[in-house]
>>> print(open('entry-v6.txt').read())   # compact mmCIF, C-alpha atoms (C1' of nucleotides)
# COMPACT_ATOMS: atom_id res chain seq x y z
CA MET S 1 95.08 116.89 44.22
CA LYS S 2 92.02 118.89 45.19
CA LEU S 3 92.10 122.47 44.11
CA ASN S 4 88.80 124.01 45.07
CA THR S 5 87.96 122.06 48.20
CA LEU S 6 89.59 122.00 51.56
CA SER S 7 90.29 118.68 53.18
CA ARG S 8 88.09 118.15 56.22
CA LYS S 9 91.18 118.46 58.37
CA GLN S 10 92.00 121.82 56.85
CA GLU S 11 88.43 122.94 57.30
CA ILE S 12 88.56 122.01 60.98
CA TYR S 13 91.78 123.94 61.53
CA ARG S 14 90.49 127.05 59.83
CA THR S 15 87.19 126.95 61.62
CA ALA S 16 88.95 126.43 64.94
CA ALA S 17 91.19 129.44 64.35
CA LYS S 18 88.16 131.56 63.60
CA LEU S 19 86.39 130.47 66.76
CA PHE S 20 89.55 130.94 68.83
CA LYS S 21 89.72 134.49 67.56
CA GLU S 22 86.13 135.20 68.57
CA LYS S 23 86.10 133.66 72.04
CA GLY S 24 89.57 132.49 72.91
CA TYR S 25 90.84 128.90 73.07
CA SER S 26 89.44 128.09 76.49
CA ALA S 27 85.93 129.25 75.72
CA VAL S 28 85.61 127.24 72.51
CA THR S 29 84.29 123.73 73.06
CA MET S 30 84.72 120.76 70.80
CA ARG S 31 80.94 120.81 70.46
CA ASP S 32 81.10 124.43 69.22
CA LEU S 33 83.77 123.51 66.73
CA ALA S 34 81.93 120.44 65.51
CA ALA S 35 78.70 122.40 65.03
CA ALA S 36 80.53 125.07 63.04
CA VAL S 37 81.92 122.38 60.77
CA GLY S 38 78.54 120.65 60.55
CA ILE S 39 79.33 117.34 62.27
CA LYS S 40 79.17 115.92 65.82
CA ALA S 41 81.97 116.39 68.32
CA ALA S 42 82.97 112.74 68.34
CA SER S 43 83.50 112.84 64.57
CA LEU S 44 86.19 115.49 64.91
CA TYR S 45 88.48 112.88 66.36
CA ASN S 46 88.68 111.07 63.03
CA HIS S 47 90.62 114.05 61.73
CA ILE S 48 92.46 115.51 64.68
CA THR S 49 93.95 114.05 67.83
CA SER S 50 93.07 116.67 70.44
CA LYS S 51 91.99 120.25 70.97
CA GLN S 52 95.47 121.06 72.19
CA GLN S 53 97.05 119.76 69.02
CA ILE S 54 94.86 122.05 66.92
CA LEU S 55 96.08 125.06 68.88
CA SER S 56 99.70 124.09 68.73
CA GLU S 57 99.65 123.44 64.99
CA ILE S 58 97.96 126.80 64.28
CA ILE S 59 100.38 128.78 66.41
CA LEU S 60 103.67 127.09 65.61
CA ASP S 61 103.03 127.06 61.89
CA ILE S 62 102.78 130.84 61.87
CA ALA S 63 105.53 131.42 64.40
CA GLU S 64 107.93 129.45 62.24
CA GLN S 65 107.03 131.46 59.15
CA PHE S 66 107.83 134.67 61.02
CA THR S 67 111.12 133.32 62.25
CA GLU S 68 112.23 132.21 58.81
CA GLY S 69 111.16 135.52 57.35
CA ILE S 70 113.08 137.72 59.74
CA ASP S 71 116.18 135.56 59.49
CA ALA S 72 116.23 136.25 55.76
CA ILE S 73 115.60 139.97 56.21
CA VAL S 74 118.36 140.42 58.77
CA ASP S 75 120.89 138.76 56.50
CA ARG S 76 119.97 140.93 53.53
CA ASP S 77 122.57 143.48 52.45
CA THR S 78 120.43 146.62 52.63
CA ASP S 79 119.90 149.68 54.79
CA THR S 80 117.88 149.69 57.99
CA ILE S 81 114.84 151.50 56.62
CA THR S 82 114.48 148.92 53.87
CA LYS S 83 114.76 146.14 56.39
CA LEU S 84 112.09 147.68 58.58
CA LYS S 85 109.81 148.07 55.60
CA GLU S 86 110.36 144.41 54.78
CA VAL S 87 109.42 143.43 58.32
CA ILE S 88 106.25 145.52 58.05
CA ALA S 89 105.45 143.94 54.68
CA GLN S 90 105.96 140.46 56.08
CA HIS S 91 103.49 141.11 58.90
CA ILE S 92 100.91 142.46 56.51
CA ILE S 93 101.30 139.54 54.14
CA LEU S 94 101.20 136.80 56.75
CA THR S 95 98.29 138.46 58.55
CA THR S 96 96.30 138.84 55.36
CA ASP S 97 96.90 135.16 54.61
CA ASN S 98 95.76 134.00 58.00
CA PRO S 99 94.17 136.61 60.26
CA TYR S 100 92.49 134.08 62.55
CA GLY S 101 95.68 132.18 63.11
CA MET S 102 97.40 135.46 64.00
CA ALA S 103 94.75 136.07 66.63
CA ALA S 104 95.40 132.69 68.20
CA LEU S 105 99.14 133.34 68.10
CA ASN S 106 98.67 136.61 69.93
CA ASN S 107 96.07 135.66 72.49
CA ASP S 108 96.24 131.95 73.13
CA TRP S 109 99.93 131.08 73.17
CA MET S 110 99.81 130.73 76.95
CA HIS S 111 97.50 127.74 76.55
CA LEU S 112 100.12 125.76 74.69
CA GLU S 113 101.11 122.76 76.74
CA GLY S 114 103.91 120.64 75.29
CA LYS S 115 105.14 123.22 72.82
CA LEU S 116 105.09 126.32 74.99
CA ASP S 117 108.86 126.43 75.39
CA HIS S 118 109.43 126.07 71.68
CA TYR S 119 107.01 128.92 71.02
CA LEU S 120 108.71 131.15 73.58
CA ASP S 121 112.09 130.43 71.99
CA LEU S 122 110.84 131.45 68.57
CA ARG S 123 109.29 134.58 70.01
CA THR S 124 112.40 135.68 71.83
CA ARG S 125 114.53 134.98 68.79
CA TYR S 126 112.20 137.10 66.67
CA GLU S 127 112.32 140.00 69.08
CA ASN S 128 116.09 139.85 69.28
CA LYS S 129 116.46 139.95 65.50
CA PHE S 130 114.07 142.88 65.33
CA ARG S 131 116.06 144.65 68.04
CA SER S 132 119.30 144.05 66.14
CA ILE S 133 117.87 145.80 63.08
CA VAL S 134 116.87 148.78 65.20
CA LEU S 135 120.23 148.99 66.96
CA GLU S 136 122.04 148.86 63.64
CA GLY S 137 119.88 151.72 62.37
CA LYS S 138 120.64 153.82 65.39
CA GLU S 139 124.38 153.26 65.04
CA SER S 140 124.36 154.11 61.37
CA GLY S 141 122.33 157.25 62.07
CA GLU S 142 119.36 156.16 59.99
CA LEU S 143 117.07 156.14 63.02
CA LYS S 144 116.47 158.86 65.59
CA ASP S 145 117.91 158.47 69.02
CA VAL S 146 114.65 157.46 70.69
CA ASN S 147 114.45 154.81 73.39
CA THR S 148 115.04 151.44 71.69
CA GLU S 149 112.52 149.52 73.75
CA ILE S 150 109.77 152.09 73.21
CA LEU S 151 110.39 152.02 69.48
CA LEU S 152 110.40 148.22 69.42
CA TYR S 153 107.30 147.93 71.54
CA SER S 154 105.40 150.47 69.57
CA ILE S 155 106.07 149.07 66.10
CA LEU S 156 105.82 145.42 67.09
CA THR S 157 102.54 145.90 68.90
CA THR S 158 101.00 147.60 65.91
CA LEU S 159 102.19 144.81 63.63
CA ARG S 160 101.16 141.98 65.93
CA ASN S 161 97.62 143.28 66.18
CA LEU S 162 96.99 143.85 62.50
CA TYR S 163 94.66 140.85 62.55
CA LEU S 164 92.13 142.95 64.46
CA TRP S 165 91.87 145.32 61.65
CA ILE S 166 92.95 143.88 58.31
CA PRO S 167 89.89 141.70 57.69
CA LYS S 168 87.58 144.75 57.93
CA LYS S 169 89.59 146.77 55.43
CA GLY S 170 89.35 144.38 52.54
CA GLU S 171 89.06 147.22 50.11
CA LEU S 172 92.53 148.47 50.94
CA GLN S 173 95.08 146.91 48.60
CA LYS S 174 97.88 145.03 50.27
CA ASP S 175 100.64 147.11 48.67
CA VAL S 176 98.90 150.38 49.49
CA LEU S 177 98.60 149.27 53.08
CA ILE S 178 102.28 148.36 53.23
CA LYS S 179 103.25 151.78 51.94
CA GLU S 180 100.91 153.79 54.13
CA LEU S 181 101.62 151.87 57.30
CA SER S 182 105.36 152.18 56.69
CA VAL S 183 105.04 155.95 56.45
CA THR S 184 102.88 156.16 59.56
CA LEU S 185 105.15 153.98 61.66
CA LEU S 186 108.49 155.28 60.43
CA GLN S 187 107.90 158.93 59.65
CA GLY S 188 105.08 159.72 62.05
CA VAL S 189 101.94 161.72 61.50
CA GLU S 190 102.85 165.22 62.63
CA LYS S 191 103.45 167.64 59.79
CA MET O 1 88.57 153.85 107.05
CA LYS O 2 91.40 151.48 106.34
CA LEU O 3 94.42 153.06 104.72
CA ASN O 4 97.03 150.40 104.41
CA THR O 5 94.93 147.33 103.88
CA LEU O 6 92.73 146.31 101.03
CA SER O 7 89.25 145.12 101.79
CA ARG O 8 88.83 141.46 100.99
CA LYS O 9 86.56 142.44 98.15
CA GLN O 10 89.21 144.71 96.67
CA GLU O 11 91.78 141.99 97.09
CA ILE O 12 89.58 139.56 95.19
CA TYR O 13 89.05 141.98 92.33
CA ARG O 14 92.74 142.74 91.98
CA THR O 15 93.74 139.12 92.15
CA ALA O 16 91.09 138.22 89.60
CA ALA O 17 92.34 140.87 87.19
CA LYS O 18 95.87 139.51 87.53
CA LEU O 19 94.76 135.95 86.84
CA PHE O 20 92.58 137.08 83.92
CA LYS O 21 95.64 138.73 82.42
CA GLU O 22 97.70 135.56 82.71
CA LYS O 23 95.21 133.02 81.41
CA GLY O 24 92.10 134.81 80.23
CA TYR O 25 88.70 134.94 81.91
CA SER O 26 87.49 131.53 80.73
CA ALA O 27 90.56 129.65 81.87
CA VAL O 28 90.53 131.07 85.40
CA THR O 29 88.41 129.03 87.77
CA MET O 30 86.87 130.19 91.01
CA ARG O 31 89.11 127.63 92.71
CA ASP O 32 92.18 129.27 91.14
CA LEU O 33 91.02 132.65 92.34
CA ALA O 34 90.21 131.42 95.82
CA ALA O 35 93.59 129.71 96.15
CA ALA O 36 95.39 132.88 95.05
CA VAL O 37 93.52 134.81 97.74
CA GLY O 38 94.12 132.08 100.31
CA ILE O 39 90.57 130.87 100.94
CA LYS O 40 88.20 128.23 99.55
CA ALA O 41 86.07 128.83 96.48
CA ALA O 42 82.78 128.82 98.38
CA SER O 43 84.03 131.61 100.63
CA LEU O 44 84.45 133.95 97.69
CA TYR O 45 80.70 134.23 97.49
CA ASN O 46 80.54 136.10 100.78
CA HIS O 47 82.26 138.99 98.98
CA ILE O 48 81.19 138.79 95.36
CA THR O 49 78.06 137.63 93.63
CA SER O 50 79.45 135.84 90.57
CA LYS O 51 82.48 135.40 88.37
CA GLN O 52 80.73 137.36 85.67
CA GLN O 53 80.15 140.31 87.97
CA ILE O 54 83.88 140.47 88.75
CA LEU O 55 84.67 140.72 85.06
CA SER O 56 82.06 143.31 84.34
CA GLU O 57 83.07 145.52 87.23
CA ILE O 58 86.76 145.40 86.23
CA ILE O 59 86.09 146.23 82.59
CA LEU O 60 83.36 148.85 82.90
CA ASP O 61 85.16 150.73 85.63
CA ILE O 62 88.12 151.32 83.31
CA ALA O 63 86.05 151.85 80.18
CA GLU O 64 84.13 154.63 81.93
CA GLN O 65 87.33 156.33 83.02
CA PHE O 66 88.55 156.38 79.42
CA THR O 67 85.27 157.75 78.17
CA GLU O 68 85.19 160.56 80.70
CA GLY O 69 88.81 161.36 79.98
CA ILE O 70 88.47 161.68 76.24
CA ASP O 71 85.27 163.72 76.56
CA ALA O 72 87.22 166.28 78.55
CA ILE O 73 90.16 166.26 76.12
CA VAL O 74 87.98 166.76 73.05
CA ASP O 75 86.27 169.76 74.60
CA ARG O 76 89.54 171.42 75.53
CA ASP O 77 90.45 174.52 73.55
CA THR O 78 93.88 173.48 72.30
CA ASP O 79 95.58 172.32 69.13
CA THR O 80 95.42 168.78 67.82
CA ILE O 81 98.95 167.77 68.75
CA THR O 82 98.33 168.74 72.36
CA LYS O 83 95.11 166.75 72.38
CA LEU O 84 96.84 163.69 71.00
CA LYS O 85 99.56 164.01 73.63
CA GLU O 86 96.86 164.18 76.29
CA VAL O 87 95.26 161.03 74.95
CA ILE O 88 98.63 159.29 75.05
CA ALA O 89 99.22 160.53 78.59
CA GLN O 90 95.80 159.31 79.71
CA HIS O 91 96.52 155.82 78.41
CA ILE O 92 99.87 155.69 80.14
CA ILE O 93 98.43 156.92 83.43
CA LEU O 94 95.41 154.61 83.49
CA THR O 95 97.51 151.64 82.40
CA THR O 96 100.14 152.28 85.04
CA ASP O 97 97.41 152.46 87.67
CA ASN O 98 95.80 149.21 86.64
CA PRO O 99 97.70 147.13 84.09
CA TYR O 100 95.84 143.91 84.87
CA GLY O 101 92.47 145.53 84.44
CA MET O 102 93.61 146.90 81.09
CA ALA O 103 94.46 143.37 80.01
CA ALA O 104 90.98 142.17 80.89
CA LEU O 105 89.47 145.14 79.06
CA ASN O 106 91.44 144.27 75.94
CA ASN O 107 91.12 140.53 75.91
CA ASP O 108 88.03 139.50 77.79
CA TRP O 109 85.38 142.04 76.86
CA MET O 110 83.68 139.46 74.63
CA HIS O 111 82.88 137.40 77.72
CA LEU O 112 80.72 140.13 79.19
CA GLU O 113 77.15 138.94 79.36
CA GLY O 114 74.62 141.51 80.56
CA LYS O 115 76.83 144.54 80.04
CA LEU O 116 78.32 143.72 76.66
CA ASP O 117 76.20 146.28 74.83
CA HIS O 118 77.08 149.01 77.27
CA TYR O 119 80.76 148.22 76.84
CA LEU O 120 80.50 148.28 73.05
CA ASP O 121 78.76 151.66 73.21
CA LEU O 122 81.55 153.12 75.31
CA ARG O 123 84.14 151.69 72.98
CA THR O 124 82.53 153.05 69.84
CA ARG O 125 82.07 156.43 71.45
CA TYR O 126 85.74 156.49 72.42
CA GLU O 127 86.88 155.62 68.92
CA ASN O 128 84.63 158.26 67.39
CA LYS O 129 86.01 160.97 69.68
CA PHE O 130 89.54 159.89 68.85
CA ARG O 131 88.69 159.98 65.16
CA SER O 132 87.23 163.49 65.50
CA ILE O 133 90.52 164.73 66.96
CA VAL O 134 92.44 163.24 64.04
CA LEU O 135 90.08 164.63 61.43
CA GLU O 136 90.31 168.08 62.98
CA GLY O 137 94.09 167.87 62.84
CA LYS O 138 94.05 166.91 59.20
CA GLU O 139 91.75 169.79 58.30
CA SER O 140 93.83 172.30 60.19
CA GLY O 141 96.97 170.97 58.52
CA GLU O 142 98.60 169.89 61.77
CA LEU O 143 98.63 166.27 60.68
CA LYS O 144 99.98 164.73 57.49
CA ASP O 145 97.55 163.52 54.91
CA VAL O 146 97.92 159.82 55.75
CA ASN O 147 95.00 157.41 55.74
CA THR O 148 92.85 158.25 58.79
CA GLU O 149 91.98 154.68 59.67
CA ILE O 150 95.59 153.51 59.47
CA LEU O 151 96.67 156.34 61.72
CA LEU O 152 93.88 155.63 64.19
CA TYR O 153 94.51 151.92 64.22
CA SER O 154 98.21 152.27 64.63
CA ILE O 155 98.17 154.71 67.54
CA LEU O 156 95.20 153.16 69.33
CA THR O 157 96.63 149.66 69.14
CA THR O 158 99.90 150.77 70.62
CA LEU O 159 98.10 152.56 73.44
CA ARG O 160 95.65 149.76 74.15
CA ASN O 161 98.43 147.23 74.55
CA LEU O 162 100.64 149.23 76.85
CA TYR O 163 99.65 146.85 79.66
CA LEU O 164 101.82 144.19 78.07
CA TRP O 165 104.85 146.24 78.52
CA ILE O 166 104.52 148.91 81.18
CA PRO O 167 104.82 146.62 84.21
CA LYS O 168 108.22 145.37 83.02
CA LYS O 169 109.59 148.86 82.54
CA GLY O 170 109.11 150.06 86.10
CA GLU O 171 112.37 151.93 85.95
CA LEU O 172 111.09 154.24 83.24
CA GLN O 173 109.45 157.33 84.79
CA LYS O 174 105.88 157.95 83.80
CA ASP O 175 106.57 161.44 82.42
CA VAL O 176 109.59 160.29 80.46
CA LEU O 177 107.50 157.53 78.94
CA ILE O 178 104.76 159.98 77.98
CA LYS O 179 107.29 162.21 76.26
CA GLU O 180 109.20 159.49 74.44
CA LEU O 181 106.13 157.61 73.30
CA SER O 182 104.58 160.82 72.02
CA VAL O 183 107.64 161.51 69.90
CA THR O 184 107.74 157.96 68.56
CA LEU O 185 104.05 157.86 67.68
CA LEU O 186 103.67 161.38 66.34
CA GLN O 187 107.02 162.18 64.74
CA GLY O 188 108.19 158.71 63.78
CA VAL O 189 111.60 157.16 64.11
CA GLU O 190 113.24 157.81 60.77
CA LYS O 191 115.83 160.57 60.84
C1' DG G 1 83.50 134.81 107.20
C1' DT G 2 85.18 130.39 106.39
C1' DC G 3 84.53 125.71 105.92
C1' DT G 4 82.76 120.82 103.90
C1' DA G 5 79.67 118.75 100.97
C1' DT G 6 77.22 118.60 97.01
C1' DA G 7 73.87 119.90 93.29
C1' DG G 8 73.58 120.33 88.48
C1' DC G 9 75.76 121.11 84.41
C1' DC G 10 79.22 121.01 80.81
C1' DG G 11 83.94 119.86 79.35
C1' DG G 12 87.30 116.58 76.37
C1' DA G 13 87.63 112.30 74.81
C1' DT G 14 86.48 107.16 73.80
C1' DA G 15 83.67 102.85 72.40
C1' DG G 16 81.39 100.68 69.19
C1' DA G 17 77.29 100.46 65.76
C1' DC G 18 76.38 101.56 61.01
C1' DG A 1 83.58 108.99 58.39
C1' DT A 2 79.70 109.96 61.11
C1' DC A 3 76.71 108.75 64.53
C1' DT A 4 74.68 107.78 69.63
C1' DA A 5 75.84 106.84 74.12
C1' DT A 6 78.67 107.51 77.78
C1' DC A 7 82.77 108.05 81.02
C1' DC A 8 84.70 110.87 84.19
C1' DG A 9 86.39 114.94 85.77
C1' DG A 10 85.99 119.93 86.54
C1' DC A 11 83.00 123.91 86.48
C1' DT A 12 79.99 127.72 89.08
C1' DA A 13 77.24 128.28 92.69
C1' DT A 14 74.43 127.00 96.88
C1' DA A 15 73.23 124.84 101.58
C1' DG A 16 74.12 124.66 105.99
C1' DA A 17 77.48 123.71 110.04
C1' DC A 18 80.71 126.21 112.88
>>> encode(input="entry-v6.txt", output="structure tokens")
Amino acid sequence: MKLNTLSRKQEIYRTAAKLFKEKGYSAVTMRDLAAAVGIKAASLYNHITSKQQILSEIILDIAEQFTEGIDAIVDRDTDTITKLKEVIAQHIILTTDNPYGMAALNNDWMHLEGKLDHYLDLRTRYENKFRSIVLEGKESGELKDVNTEILLYSILTTLRNLYLWIPKKGELQKDVLIKELSVTLLQGVEK
Amino acid sequence: MKLNTLSRKQEIYRTAAKLFKEKGYSAVTMRDLAAAVGIKAASLYNHITSKQQILSEIILDIAEQFTEGIDAIVDRDTDTITKLKEVIAQHIILTTDNPYGMAALNNDWMHLEGKLDHYLDLRTRYENKFRSIVLEGKESGELKDVNTEILLYSILTTLRNLYLWIPKKGELQKDVLIKELSVTLLQGVEK
DNA sequence: GTCTATAGCCGGATAGAC
DNA sequence: GTCTATCCGGCTATAGAC
């Protein structure tokens, strides 16, 4: 088992995600991707089957991790604030692991062909679980009585777009970020 | 002057923005755009000069509105919280006016060719003005001592992505939205 | 102002040599 | 596993008839 080298296939996937982040799926050509990897376009096809398959593997891999994660959090026997902090932590961890993939998930999902419906299912399921945490917190009195959809939109959008921002802030420790972002999102900024 | 009809040029720009939102600039072809307008691709060129010019007009028009708006807000002689509420209100108003253009601004700016530098200047200037409001509020003690960049990122991301969400929530009055989103972003959700 | 036709280029993907 | 050569279709934009 190789420890310090990526398989060529892995290298292609990572490079593709990076290019997709910079220009979007449609604007990245197989010639671009090949050049970034250091081979010719035709050679890519010894490792992958199509451009579309690269996209769908990148997106669905992450989407499934998020789904599994929130399923576990929802089932946990804790209070709402703890659950929300766990959701925030999950976003930060998965985004730190794979910021380019997160970009593709956010911006290029509409270019999925065969797997679009599966992606949309996962996405809806995720949003519903998130909403159920929020509704629970409002019933128990842990959360303010603000509009549920505004709250959901506002937190989820911030979390979904962390990829834009996390790579630049490498100096910020992951656990510090989790703590500070939790305060900002949950307790606000006004003194 | 026509009051109830859009000029063909206007119609093309609006339709283009809508298509750019759905699929991204690169994936929208001039044939797609022409079909959506109800003419042939070649006929578009009697009204516009290039695909690129459509994009750049859509994006820079909005970017300049934001820049002018924040310049005025920064110069106002009010407290920080009021300024932040005005920034929030500006985003909601401009996004409600032109949600599709906002999508292009957010997702397709990297496909600007000649005007990319101008766009990046406007964007940096906007972020710096926003940051100056936040720093002022921290000095005056109106804002909590949270990490400035996290605060900036979190609020700006929510505001920049309102286009994803505002069109679906037509029932929510603009002024109610301004008020509720201000509470959520500034005072948090935890009771 | 819209059309048909087409120039000229670039896209994803395959064939087959090495 | 990488290469060169190439297929074939779609792309933006233009030319010129009506």
>>> residues_around(input="entry-v6.txt", residues="DG1 in chain G", least_positions_apart="4", cutoff="10 Å", atoms="all atoms listed in the file", output="number ranges by chain")
O: 43-44, 46-47
>>> closest_residue(input="entry-v6.txt", among="S:Ala42, S:Leu177, S:Ala89, S:Leu186", to="chain A", atoms="only C-alpha atoms (C1' of nucleotides)")
S:Ala42
>>> residues_around(input="entry-v6.txt", residues="DT6 in chain G", least_positions_apart="4", cutoff="12 Å", atoms="all atoms listed in the file", output="PyMOL selection string")
(chain O and resi 42) or (chain A and resi 13-16)
>>> closest_atom_pairs(input="entry-v6.txt", of="chain O", to="chain S", cutoff="9 Å", atoms="only C-alpha atoms", output="CSV")
residue,atom,partner,partner_atom,distance
O:Glu22,CA,S:Met110,CA,7.8
O:Lys23,CA,S:Met110,CA,6.8
O:Gly24,CA,S:Gly24,CA,8.1
O:Tyr25,CA,S:Ser26,CA,8.8
O:Ser26,CA,S:Ala27,CA,5.7
O:Ala27,CA,S:Ser26,CA,5.7
O:Ile81,CA,S:Glu190,CA,7.7
O:Asn107,CA,S:Asn107,CA,7.7
O:Asp108,CA,S:Lys23,CA,8.4
O:Met110,CA,S:Lys23,CA,6.8
O:His111,CA,S:Lys23,CA,7.5
O:Gly141,CA,S:Lys191,CA,7.4
O:Glu142,CA,S:Lys191,CA,5.7
O:Leu143,CA,S:Glu190,CA,4.8
O:Lys144,CA,S:Lys191,CA,5.1
O:Asp145,CA,S:Val189,CA,8.1
O:Val146,CA,S:Glu180,CA,6.9
O:Asn147,CA,S:Glu180,CA,7.1
O:Ile150,CA,S:Leu181,CA,6.6
O:Leu151,CA,S:Thr184,CA,6.6
O:Tyr153,CA,S:Trp165,CA,7.6
O:Ser154,CA,S:Thr158,CA,5.6
O:Ile155,CA,S:Thr158,CA,7.8
O:Leu156,CA,S:Thr158,CA,8.7
O:Thr157,CA,S:Thr158,CA,5.8
O:Thr158,CA,S:Ser154,CA,5.6
O:Leu159,CA,S:Ser154,CA,8.5
O:Asn161,CA,S:Thr157,CA,7.1
O:Leu162,CA,S:Tyr153,CA,8.6
O:Trp165,CA,S:Tyr153,CA,7.6
O:Leu177,CA,S:Ile150,CA,8.2
O:Glu180,CA,S:Val146,CA,6.9
O:Leu181,CA,S:Ile150,CA,6.6
O:Val183,CA,S:Val146,CA,8.1
O:Thr184,CA,S:Leu151,CA,6.6
O:Leu185,CA,S:Gly188,CA,6.0
O:Leu186,CA,S:Gly188,CA,4.8
O:Gln187,CA,S:Gly188,CA,4.1
O:Gly188,CA,S:Gly188,CA,3.7
O:Val189,CA,S:Leu186,CA,5.2
O:Glu190,CA,S:Leu143,CA,4.7
O:Lys191,CA,S:Lys144,CA,5.1
>>> atom_distance(input="entry-v6.txt", atom1="CA of Ile58 in chain O", atom2="CA of Gly101 in chain O")
6.0 Å
>>> interface_residues(input="entry-v6.txt", of="chain G", to="chain S", cutoff="12 Å", atoms="all atoms listed in the file", output="PyMOL selection string")
chain G and resi 10-15
>>> atom_distance(input="entry-v6.txt", atom1="CA of Leu112 in chain O", atom2="CA of Ser56 in chain O")
6.2 Å
>>> atom_distance(input="entry-v6.txt", atom1="CA of Ala17 in chain O", atom2="CA of Ala103 in chain O")
7.9 Å
>>> axis_aligned_box(input="entry-v6.txt", around="range 43-62 of chain S", padding_each_side="5 Å", output="lines of an AutoDock Vina configuration file")
center_x = 93.6
center_y = 121.0
center_z = 67.0
size_x = 30.2
size_y = 29.8
size_z = 20.5
>>> interface_residues(input="entry-v6.txt", of="chain A", to="chain S", cutoff="10 Å", atoms="only C-alpha atoms (C1' of nucleotides)", output="count of residues only")
4
>>> residues_near_point(input="entry-v6.txt", point="(94.0, 144.6, 83.5)", cutoff="9 Å", atoms="all atoms listed in the file", output="PyMOL selection string")
chain O and resi 14+17-18+20-21+58-59+62+95+98-106+163
>>> closest_residue(input="entry-v6.txt", among="S:Arg123, S:Leu172, S:Ile133, S:Gly38", to="Glu86 in chain S", atoms="all atoms listed in the file")
S:Ile133
